[in-house]
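Q: Got a file for you: start09.cif, mmCIF, C-alpha atoms.
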```
data_data
#
loop_
_atom_site.label_atom_id
_atom_site.label_comp_id
_atom_site.auth_asym_id
_atom_site.auth_seq_id
_atom_site.Cartn_x
_atom_site.Cartn_y
_atom_site.Cartn_z
CA MET A 24 150.75 118.39 89.91
CA THR A 25 149.87 115.04 88.44
CA THR A 26 146.51 114.75 86.85
CA PRO A 27 144.89 111.45 87.82
CA THR A 28 143.66 109.43 84.89
CA THR A 29 140.13 108.16 85.23
CA SER A 30 137.97 105.83 83.25
CA ARG A 31 134.89 107.37 81.66
CA SER A 32 132.73 104.60 83.05
CA THR A 33 132.09 103.37 86.58
CA GLY A 34 131.70 99.86 85.21
CA THR A 35 134.20 97.04 85.32
CA ARG A 36 134.04 93.48 84.13
CA ALA A 37 132.77 92.46 87.59
CA THR A 38 129.93 95.01 87.60
CA ARG A 39 128.94 93.98 84.08
CA VAL A 40 128.73 90.34 85.14
CA ILE A 41 126.71 91.32 88.23
CA GLY A 42 124.44 93.51 86.10
CA ILE A 43 123.75 90.74 83.58
CA ALA A 44 123.11 88.27 86.44
CA ALA A 45 120.69 90.77 88.01
CA ILE A 46 118.77 91.12 84.75
CA VAL A 47 118.60 87.34 84.30
CA MET A 48 117.43 86.81 87.89
CA SER A 49 114.84 89.59 87.51
CA ALA A 50 113.50 87.81 84.41
CA TRP A 51 113.31 84.59 86.45
CA LEU A 52 111.53 86.48 89.21
CA SER A 53 108.98 87.85 86.75
CA LEU A 54 108.40 84.38 85.32
CA PHE A 55 107.99 82.71 88.70
CA GLY A 56 106.25 85.62 90.42
CA LEU A 57 103.71 86.34 87.71
CA VAL A 58 103.22 82.98 85.98
CA LEU A 59 104.56 79.84 87.67
CA SER A 60 103.90 80.46 91.37
CA PRO A 61 100.35 79.75 92.53
CA ALA A 62 97.77 82.17 93.87
CA ASP A 63 97.14 82.12 97.63
CA VAL A 64 93.99 80.51 98.96
CA ALA A 65 92.99 83.61 100.94
CA GLN A 66 94.68 86.47 99.11
CA GLY A 67 94.45 85.23 95.52
CA ASP A 68 96.86 86.89 93.10
CA ALA A 69 97.57 89.72 95.56
CA VAL A 70 100.13 87.42 97.18
CA ARG A 71 102.44 88.11 94.20
CA ILE A 72 103.23 91.54 95.67
CA MET A 73 105.12 89.61 98.37
CA TYR A 74 107.87 88.78 95.82
CA VAL A 75 108.77 92.47 95.65
CA HIS A 76 107.76 93.59 99.15
CA VAL A 77 109.70 91.04 101.19
CA PRO A 78 113.00 91.05 99.21
CA SER A 79 113.00 94.86 99.16
CA VAL A 80 112.65 95.12 102.95
CA TRP A 81 115.32 92.46 103.54
CA LEU A 82 117.70 94.29 101.20
CA ALA A 83 116.91 97.59 102.93
CA TYR A 84 117.88 95.96 106.24
CA LEU A 85 121.06 94.56 104.65
CA ALA A 86 121.91 97.96 103.18
CA PHE A 87 121.55 99.66 106.55
CA ILE A 88 123.63 96.94 108.24
CA VAL A 89 126.37 97.46 105.63
CA THR A 90 126.18 101.19 106.39
CA ALA A 91 126.53 100.47 110.11
CA ILE A 92 129.53 98.15 109.64
CA CYS A 93 131.26 100.72 107.41
CA SER A 94 130.36 103.43 109.94
CA VAL A 95 132.09 101.52 112.75
CA TRP A 96 135.13 101.18 110.49
CA VAL A 97 135.07 104.92 109.77
CA LEU A 98 134.88 105.73 113.50
CA VAL A 99 137.73 103.37 114.36
CA ALA A 100 139.87 104.92 111.60
CA ARG A 101 138.81 108.43 112.71
CA GLY A 102 137.28 109.23 109.33
CA ARG A 103 140.44 108.59 107.35
CA VAL A 104 138.95 105.85 105.16
CA PRO A 105 137.12 107.75 102.40
CA GLY A 106 136.45 104.61 100.37
CA VAL A 107 134.66 102.93 103.28
CA ASP A 108 132.73 106.12 103.99
CA ARG A 109 131.56 106.22 100.38
CA VAL A 110 130.34 102.61 100.59
CA ALA A 111 128.43 103.54 103.79
CA GLY A 112 126.76 106.44 102.01
CA ALA A 113 126.04 104.51 98.82
CA SER A 114 124.57 101.60 100.77
CA ALA A 115 122.31 103.93 102.77
CA GLU A 116 121.09 105.60 99.58
CA ILE A 117 120.19 102.28 97.99
CA GLY A 118 118.66 101.14 101.30
CA VAL A 119 116.39 104.18 101.30
CA VAL A 120 115.28 103.35 97.75
CA PHE A 121 114.53 99.75 98.77
CA MET A 122 112.67 101.00 101.85
CA ALA A 123 110.57 103.29 99.64
CA VAL A 124 109.76 100.29 97.43
CA THR A 125 108.81 98.37 100.60
CA LEU A 126 106.46 101.11 101.77
CA VAL A 127 104.77 101.60 98.40
CA SER A 128 104.39 97.86 97.68
CA GLY A 129 103.17 97.32 101.27
CA MET A 130 100.55 100.02 100.88
CA LEU A 131 99.27 98.49 97.64
CA TRP A 132 99.24 95.03 99.22
CA GLY A 133 97.47 96.42 102.29
CA ARG A 134 94.78 98.09 100.20
CA ILE A 135 93.99 94.79 98.51
CA THR A 136 94.10 92.53 101.57
CA TRP A 137 93.39 94.69 104.65
CA GLY A 138 91.16 97.15 102.79
CA VAL A 139 93.28 100.20 103.72
CA TYR A 140 96.52 101.67 102.38
CA TRP A 141 97.91 102.68 105.76
CA GLN A 142 97.30 102.45 109.47
CA TRP A 143 99.45 103.85 112.27
CA ASP A 144 100.05 100.47 113.88
CA ALA A 145 103.38 99.42 115.39
CA ARG A 146 104.95 97.79 112.31
CA LEU A 147 103.94 100.43 109.80
CA THR A 148 104.90 103.31 112.09
CA THR A 149 108.33 101.91 113.01
CA THR A 150 109.01 101.18 109.31
CA ALA A 151 108.14 104.76 108.39
CA LEU A 152 110.40 105.92 111.24
CA LEU A 153 113.28 103.81 109.89
CA PHE A 154 112.79 105.31 106.43
CA ILE A 155 112.80 108.85 107.81
CA THR A 156 115.86 108.13 109.99
CA TYR A 157 117.92 107.13 106.96
CA ILE A 158 116.74 110.15 105.01
CA GLY A 159 118.09 112.07 108.00
CA TYR A 160 121.34 110.12 107.74
CA LEU A 161 121.68 111.18 104.11
CA ALA A 162 120.96 114.78 105.13
CA VAL A 163 123.71 114.58 107.77
CA ARG A 164 126.14 113.37 105.09
CA GLY A 165 125.43 116.55 103.16
CA LEU A 166 126.33 118.90 106.02
CA GLU A 167 129.31 121.22 105.82
CA GLY A 168 132.74 120.23 107.07
CA SER A 169 135.94 118.53 106.03
CA PRO A 170 135.58 115.04 104.50
CA GLU A 171 136.85 113.50 107.78
CA GLN A 172 134.39 115.52 109.88
CA ARG A 173 131.47 114.62 107.61
CA ALA A 174 132.48 110.95 107.60
CA ARG A 175 132.74 110.77 111.41
CA ARG A 176 129.51 112.71 111.98
CA SER A 177 127.45 110.55 109.63
CA ALA A 178 129.12 107.38 110.95
CA VAL A 179 127.73 108.11 114.43
CA VAL A 180 124.22 108.38 112.95
CA GLY A 181 124.80 105.24 110.87
CA VAL A 182 125.73 103.22 113.97
CA VAL A 183 122.84 104.51 116.11
CA ALA A 184 120.18 104.25 113.38
CA VAL A 185 120.75 100.54 112.73
CA ALA A 186 119.35 99.80 116.22
CA GLU A 187 115.90 100.53 114.78
CA ILE A 188 115.95 97.40 112.61
CA PRO A 189 115.32 94.92 115.47
CA LEU A 190 112.55 97.22 116.70
CA VAL A 191 110.88 97.14 113.28
CA HIS A 192 111.30 93.38 112.94
CA TRP A 193 110.08 92.57 116.44
CA SER A 194 107.30 95.18 116.50
CA VAL A 195 104.76 92.56 115.43
CA ARG A 196 105.82 90.42 118.40
CA LEU A 197 106.14 93.25 120.93
CA TRP A 198 102.77 94.74 120.08
CA ARG A 199 99.58 93.70 118.36
CA SER A 200 99.68 94.87 114.78
CA LEU A 201 97.51 94.78 111.69
CA HIS A 202 100.59 93.45 109.90
CA GLN A 203 101.07 89.69 109.98
CA GLU A 204 104.02 88.13 111.79
CA ALA A 205 107.15 86.96 109.97
CA THR A 206 106.69 83.82 107.90
CA VAL A 207 110.21 82.92 106.75
CA LEU A 208 112.23 84.64 109.49
CA ASP A 209 109.97 83.13 112.14
CA THR A 210 111.98 82.36 115.26
CA ASP A 211 109.66 79.44 116.01
CA LEU A 212 110.92 77.89 112.74
CA ASP A 213 107.30 77.37 111.76
CA VAL A 214 107.67 78.33 108.08
CA ASP A 215 104.16 77.93 106.72
CA ILE A 216 104.43 78.80 103.05
CA ASP A 217 103.90 76.86 99.85
CA GLY A 218 107.17 75.47 98.42
CA LEU A 219 106.97 77.24 95.06
CA MET A 220 106.05 80.52 96.76
CA LEU A 221 109.12 80.17 99.00
CA PHE A 222 111.34 79.38 96.00
CA THR A 223 110.02 82.45 94.14
CA LEU A 224 110.71 84.54 97.23
CA PHE A 225 114.34 83.40 97.25
CA VAL A 226 114.67 84.13 93.52
CA GLY A 227 113.50 87.64 94.40
CA VAL A 228 116.03 87.92 97.23
CA ILE A 229 118.90 86.86 94.92
CA ALA A 230 117.77 89.27 92.17
CA PHE A 231 117.43 92.18 94.60
CA THR A 232 120.80 91.36 96.22
CA LEU A 233 122.52 91.47 92.83
CA TRP A 234 120.88 94.82 92.09
CA PHE A 235 121.97 96.09 95.49
CA VAL A 236 125.63 95.13 94.90
CA TRP A 237 125.54 96.58 91.37
CA PHE A 238 124.03 99.88 92.52
CA VAL A 239 126.35 100.26 95.53
CA LEU A 240 129.49 99.64 93.43
CA HIS A 241 128.45 102.14 90.80
CA ARG A 242 127.24 104.73 93.29
CA ALA A 243 130.40 104.49 95.41
CA ARG A 244 132.49 104.99 92.26
CA VAL A 245 130.37 107.97 91.19
CA MET A 246 130.96 109.45 94.66
CA ALA A 247 134.72 108.86 94.26
CA LEU A 248 134.67 110.61 90.89
CA ALA A 249 132.68 113.51 92.35
CA ALA A 250 135.26 113.86 95.13
CA LEU A 251 138.02 113.78 92.52
CA VAL A 252 136.32 116.48 90.44
CA GLU A 253 135.86 118.61 93.55
CA GLU A 254 139.52 118.17 94.47
CA ARG A 255 140.71 118.87 90.94
CA SER A 256 138.52 122.00 90.72
CA LEU A 257 140.08 123.23 93.93
CA ASP A 258 143.59 122.50 92.65
CA GLU A 259 142.83 124.28 89.38
CA ALA A 260 141.37 127.28 91.19
CA LEU A 261 144.48 127.48 93.37
CA ALA A 262 146.73 127.19 90.32
CA GLU A 263 144.77 129.94 88.50
CA ARG A 264 144.96 132.16 91.54
CA ALA A 265 148.71 131.53 91.86
CA ALA A 266 149.17 132.41 88.18
CA GLU A 267 147.39 135.75 88.72
CA VAL A 268 149.89 136.76 91.40
CA PRO A 269 153.01 138.36 89.87
CA ALA A 270 156.25 136.61 90.76
CA GLY A 271 157.52 137.91 94.11
CA GLY A 272 154.61 140.34 94.40
CA GLN A 273 151.51 140.52 96.50
CA ASN A 274 147.90 140.78 95.37
CA MET W 29 140.90 144.71 139.31
CA PRO W 30 140.35 141.04 138.45
CA ASP W 31 142.91 138.53 139.58
CA LEU W 32 144.95 137.68 136.50
CA THR W 33 147.47 135.49 138.27
CA PRO W 34 147.98 132.30 136.22
CA ARG W 35 146.25 129.36 137.82
CA PRO W 36 147.25 125.72 137.46
CA ALA W 37 145.51 124.17 134.48
CA GLU W 38 142.68 121.71 135.14
CA PRO W 39 144.00 118.20 134.60
CA MET W 40 142.66 116.67 131.36
CA PRO W 41 140.38 113.69 131.98
CA SER W 42 142.03 110.43 131.08
CA ARG W 43 141.01 108.62 127.89
CA ARG W 44 139.21 105.99 129.97
CA ARG W 45 137.21 108.68 131.79
CA ARG W 46 136.30 110.37 128.53
CA ARG W 47 134.91 107.09 127.24
CA ILE W 48 132.83 106.36 130.34
CA GLY W 49 130.51 109.33 129.70
CA PRO W 50 129.14 108.21 126.31
CA ILE W 51 128.87 104.60 127.57
CA LEU W 52 126.80 105.72 130.57
CA VAL W 53 124.59 107.81 128.26
CA LEU W 54 124.15 104.80 125.96
CA ILE W 55 123.19 102.54 128.88
CA ALA W 56 120.72 105.16 130.13
CA VAL W 57 119.17 105.54 126.65
CA VAL W 58 118.86 101.76 126.15
CA GLY W 59 117.42 101.33 129.67
CA PHE W 60 114.92 104.14 129.17
CA GLY W 61 113.99 102.73 125.75
CA GLY W 62 113.34 99.31 127.28
CA TRP W 63 111.22 100.82 130.03
CA VAL W 64 109.19 102.84 127.52
CA LEU W 65 108.67 99.78 125.30
CA SER W 66 107.46 97.62 128.17
CA ASN W 67 105.07 100.30 129.42
CA LEU W 68 103.74 101.25 126.01
CA ARG W 69 102.21 97.84 125.52
CA THR W 70 98.51 98.66 125.86
CA ALA W 71 98.93 102.11 124.32
CA VAL W 72 100.62 100.80 121.17
CA ASP W 73 98.62 97.58 120.72
CA TYR W 74 96.51 98.11 117.64
CA TYR W 75 93.40 96.30 118.84
CA CYS W 76 91.57 94.60 121.68
CA ASN W 77 90.49 91.00 121.25
CA VAL W 78 86.78 90.32 121.55
CA ASP W 79 87.21 88.50 124.88
CA GLU W 80 89.01 91.48 126.42
CA VAL W 81 86.16 94.00 126.26
CA GLY W 82 85.60 95.34 129.76
CA VAL W 83 88.44 93.20 131.09
CA ARG W 84 91.71 94.60 129.75
CA ASP W 85 92.97 98.08 130.45
CA GLY W 86 92.05 100.33 127.51
CA CYS W 87 89.34 97.97 126.23
CA ASP W 88 86.36 99.54 128.01
CA ALA W 89 83.01 99.00 126.33
CA ASP W 90 82.01 102.66 126.63
CA ARG W 91 84.85 104.00 124.48
CA ARG W 92 85.77 103.80 120.82
CA LEU W 93 87.54 100.51 120.12
CA ARG W 94 89.35 98.52 117.49
CA LEU W 95 88.02 95.03 118.02
CA GLN W 96 89.75 91.91 116.67
CA GLY W 97 88.08 88.57 116.10
CA THR W 98 87.41 85.94 113.47
CA VAL W 99 84.29 86.34 111.34
CA ALA W 100 81.98 83.54 112.49
CA GLU W 101 81.05 80.97 109.90
CA GLY W 102 77.57 81.51 108.44
CA SER W 103 77.07 84.81 110.26
CA VAL W 104 77.54 87.26 107.38
CA VAL W 105 74.31 88.95 106.25
CA ALA W 106 74.83 91.62 103.60
CA SER W 107 72.23 94.07 102.36
CA THR W 108 72.58 97.03 100.02
CA THR W 109 73.40 99.45 102.84
CA ARG W 110 75.02 97.41 105.57
CA THR W 111 76.78 94.18 106.49
CA GLU W 112 76.09 92.27 109.70
CA PHE W 113 78.27 89.53 111.08
CA ASP W 114 79.62 88.08 114.32
CA ILE W 115 83.25 88.11 115.34
CA GLU W 116 84.58 85.68 117.92
CA PHE W 117 87.73 85.06 119.89
CA GLU W 118 88.46 82.52 122.62
CA GLY W 119 84.80 81.50 122.79
CA VAL W 120 83.44 85.05 123.16
CA SER W 121 81.30 86.43 120.35
CA VAL W 122 80.17 89.96 119.47
CA ALA W 123 77.58 91.00 116.89
CA VAL W 124 78.84 93.65 114.45
CA ARG W 125 76.82 96.00 112.28
CA TYR W 126 78.88 97.74 109.62
CA ALA W 127 77.42 100.50 107.46
CA GLY W 128 78.72 99.44 104.07
CA GLU W 129 80.53 96.63 102.36
CA PRO W 130 83.86 95.59 103.94
CA GLY W 131 86.85 95.84 101.62
CA GLY W 132 90.02 93.75 101.36
CA ILE W 133 89.71 89.99 101.38
CA PHE W 134 86.83 90.05 103.90
CA ASN W 135 85.21 86.69 104.25
CA GLU W 136 83.91 84.22 106.81
CA CYS W 137 86.55 82.56 108.99
CA ILE W 138 89.05 85.39 108.45
CA PRO W 139 90.33 87.55 111.32
CA VAL W 140 89.25 91.19 111.08
CA VAL W 141 89.72 94.39 113.06
CA VAL W 142 86.54 96.47 113.32
CA HIS W 143 86.70 100.14 114.37
CA GLY W 144 83.63 101.43 116.16
CA VAL W 145 81.62 101.73 119.36
CA PHE W 146 79.16 99.54 121.25
CA ASP W 147 75.49 100.45 121.07
CA SER W 148 74.74 100.64 124.82
CA ASP W 149 71.14 99.45 124.32
CA THR W 150 71.59 96.50 121.98
CA GLU W 151 75.25 95.66 122.76
CA VAL W 152 75.83 95.43 119.02
CA PHE W 153 79.20 96.77 117.92
CA LEU W 154 78.58 99.55 115.39
CA GLY W 155 81.56 99.49 113.05
CA ASP W 156 82.59 102.28 110.73
CA ARG W 157 85.72 100.59 109.37
CA VAL W 158 86.65 96.96 108.83
CA GLU W 159 90.22 95.84 108.19
CA VAL W 160 91.13 92.29 107.31
CA LYS W 161 94.01 90.83 109.30
CA HIS W 162 95.39 88.03 107.18
CA SER W 163 97.61 85.38 108.70
CA ASP W 164 101.29 84.61 108.08
CA GLU W 165 100.39 81.38 106.26
CA TYR W 166 100.57 81.15 102.49
CA VAL W 167 98.77 78.20 100.94
CA SER W 168 98.49 77.54 97.21
CA VAL W 169 95.01 77.36 95.72
CA ASN W 170 96.14 74.07 94.17
CA ASP W 171 97.42 72.66 97.44
CA GLU W 172 96.25 69.21 98.47
CA ARG W 173 96.06 70.52 102.02
CA LEU W 174 93.48 73.09 100.91
CA THR W 175 90.53 71.20 102.36
CA ALA W 176 92.29 70.85 105.70
CA ALA W 177 93.26 74.52 105.63
CA GLU W 178 89.68 75.56 104.92
CA GLU W 179 88.41 73.34 107.68
CA SER W 180 90.76 74.83 110.22
CA ALA W 181 90.39 78.41 108.96
CA CYS W 182 87.74 79.23 111.54
CA SER W 183 90.01 78.39 114.46
CA PRO W 184 91.23 81.73 115.73
CA SER W 185 94.98 81.74 116.17
CA ALA W 186 95.86 85.35 116.92
#
```
Let me see the file written as structure tokens.

A:
Amino acid sequence: MTTPTTSRSTGTRATRVIGIAAIVMSAWLSLFGLVLSPADVAQGDAVRIMYVHVPSVWLAYLAFIVTAICSVWVLVARGRVPGVDRVAGASAEIGVVFMAVTLVSGMLWGRITWGVYWQWDARLTTTALLFITYIGYLAVRGLEGSPEQRARRSAVVGVVAVAEIPLVHWSVRLWRSLHQEATVLDTDLDVDIDGLMLFTLFVGVIAFTLWFVWFVLHRARVMALAALVEERSLDEALAERAAEVPAGGQN
Amino acid sequence: MPDLTPRPAEPMPSRRRRRIGPILVLIAVVGFGGWVLSNLRTAVDYYCNVDEVGVRDGCDADRRLRLQGTVAEGSVVASTTRTEFDIEFEGVSVAVRYAGEPGGIFNECIPVVVHGVFDSDTEVFLGDRVEVKHSDEYVSVNDERLTAAEESACSPSA
């Protein structure tokens, strides 16, 4: 049996570059978000929460879309693409973290502007539902079964769950909501936002995207190492068991 | 004694047939979802606009409502125990009496959602919760268009 050699770190030159870029962009985001960008005429400084809230929800959507694309790939390959399955899982995990950031930052923003942390209106309820769905997806990934079975099972959930994203996005158009309609992703192309605010928002999106890529790469590699350890433990256990059995005898 | 004679095996459904089932289920689920969404409209809508009281289904004046309108300019009267103001939408105005001080970024010319009931004698809307519904526009405090934005702020748009 050959013992695979592994690096002690999940980092590579590429992840280090991405990590440094993410730190630099986060510093830029802090500078623009907290100092250089102006306060809003109605919301005052509370508008600065937008620079975390909006990028985090966009990245959560992106993460879940990546999970869905990988899930389709897994289904087409009948679960025999463990690397792709790991990216699906890692992306969903990071997406859930971003969605949690979205919910918490949204609640804080809501308390300052609306006067309440939470209301069960269409946007907030569908967002909470999306969050819970992907927690369910992660739970499905943890169910028993062979790696191929687990990959195929969770891929089905990953493909179905992504259909909630348009519902969340369009909920403010489908129904009347306490939440405002989209400003930047407005289908009427009526983007009514101050130029420096918009620039700061895009700095936030770039920073969060870099963090997303960095986290997914590392997490997928950690998952690969965990699978390797599990496999090696099994091999070692089998070898130990074989050594216990006397040659030609039964135990 | 049961008949144990071997019977001919049931023919396996073709691959195409096996795929039709899930597709039909998917179409049924999407269709049902669309039907539910279109019929949930009034049930899921968070509020009634001021001009819809007694007109729109679910916006009856004798039930508890969430009422949306823009706080009328110059109408806010605040005392130590309550705040009174008018909210208006599409030319219809309603007087609101709220027991307390509204939170959030409450101000004149800003759309709000008031939770409460109508006083059947005075037709004043007795609110027990006020939520501010800010718009999707973000204008800098230093913006040259500020004056124009303030001037147009009282034009209800939602």

Q: Once you count all atoms listed in the file, what closest atom pair and distance in Å to one decimal does each residue of chain A within 8 Å of chain W have, with rows by chain and rising residue number, as CSV?

A:
```
residue,atom,partner,partner_atom,distance
A:Pro61,CA,W:Ser168,CA,5.5
A:Ala62,CA,W:Ser168,CA,5.8
A:Asp63,CA,W:Ser168,CA,4.8
A:Val64,CA,W:Val169,CA,4.6
A:Ala65,CA,W:Ile133,CA,7.2
A:Gln66,CA,W:Ile133,CA,6.5
A:Gly67,CA,W:Val169,CA,7.9
A:Gly133,CA,W:Gly132,CA,8.0
A:Arg134,CA,W:Gly132,CA,6.5
A:Ile135,CA,W:Gly132,CA,5.0
A:Thr136,CA,W:Gly132,CA,4.3
A:Trp137,CA,W:Val160,CA,4.2
A:Gly138,CA,W:Gly132,CA,3.9
A:Val139,CA,W:Glu159,CA,7.0
A:Asp144,CA,W:Tyr74,CA,5.7
A:Ala145,CA,W:Val72,CA,6.6
A:Leu197,CA,W:Arg69,CA,7.6
A:Trp198,CA,W:Asp73,CA,5.1
A:Arg199,CA,W:Asp73,CA,4.6
A:Ser200,CA,W:Tyr74,CA,5.4
A:Leu201,CA,W:Lys161,CA,5.8
A:His202,CA,W:Lys161,CA,7.1
A:Gln203,CA,W:Asp164,CA,5.4
A:Glu204,CA,W:Asp164,CA,5.8
A:Ala205,CA,W:Asp164,CA,6.6
A:Thr206,CA,W:Asp164,CA,5.5
A:Asp215,CA,W:Glu165,CA,5.1
A:Ile216,CA,W:Tyr166,CA,4.6
A:Asp217,CA,W:Val167,CA,5.4
A:Met220,CA,W:Tyr166,CA,8.0
```

Q: I'd like the interatomic distance between atom CA of A:Ala260 and atom CA of A:Glu167, to a tenth of an Å.

A: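 We find that atom CA of A:Ala260 and atom CA of A:Glu167 lie 19.9 Å from each other.
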
Q: Find the distance between atom CA of W:Cys87 and atom CA of W:Ala123 and write it in Å to one decimal.

A: 16.6 Å

Q: In terms of the shortest atom-to-atom distance over all atoms listed in the file, which of A:Thr125, A:Thr90, A:Gln172, A:Thr35 is closest to A:Tyr157?

A: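 Result for the nearest residue to A:Tyr157: A:Thr90.
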
Q: Quick one: pull the distance between atom CA of A:Gly34 and atom CA of A:Val236, Å, one decimal.

A: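 Taking atom CA of A:Gly34 and atom CA of A:Val236, their separation equals 12.4 Å.
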
Q: What's around stretch 68-76 of chain A at 6 Å? Count only C-alpha atoms, leave out sequence neighbours fewer than 3 positions away in its own chain, and write the answer as a PDB file with C-alpha atoms, keeping the file's coordinate frame.

A:
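Written file, out.pdb:
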```
ATOM      1  CA  GLY A  56     106.250  85.620  90.420  1.00  0.00           C
ATOM      2  CA  ALA A  62      97.770  82.170  93.870  1.00  0.00           C
ATOM      3  CA  SER A  79     113.000  94.860  99.160  1.00  0.00           C
ATOM      4  CA  THR A 125     108.810  98.370 100.600  1.00  0.00           C
ATOM      5  CA  SER A 128     104.390  97.860  97.680  1.00  0.00           C
ATOM      6  CA  LEU A 224     110.710  84.540  97.230  1.00  0.00           C
ATOM      7  CA  GLY A 227     113.500  87.640  94.400  1.00  0.00           C
TER       8      GLY A 227
END
```
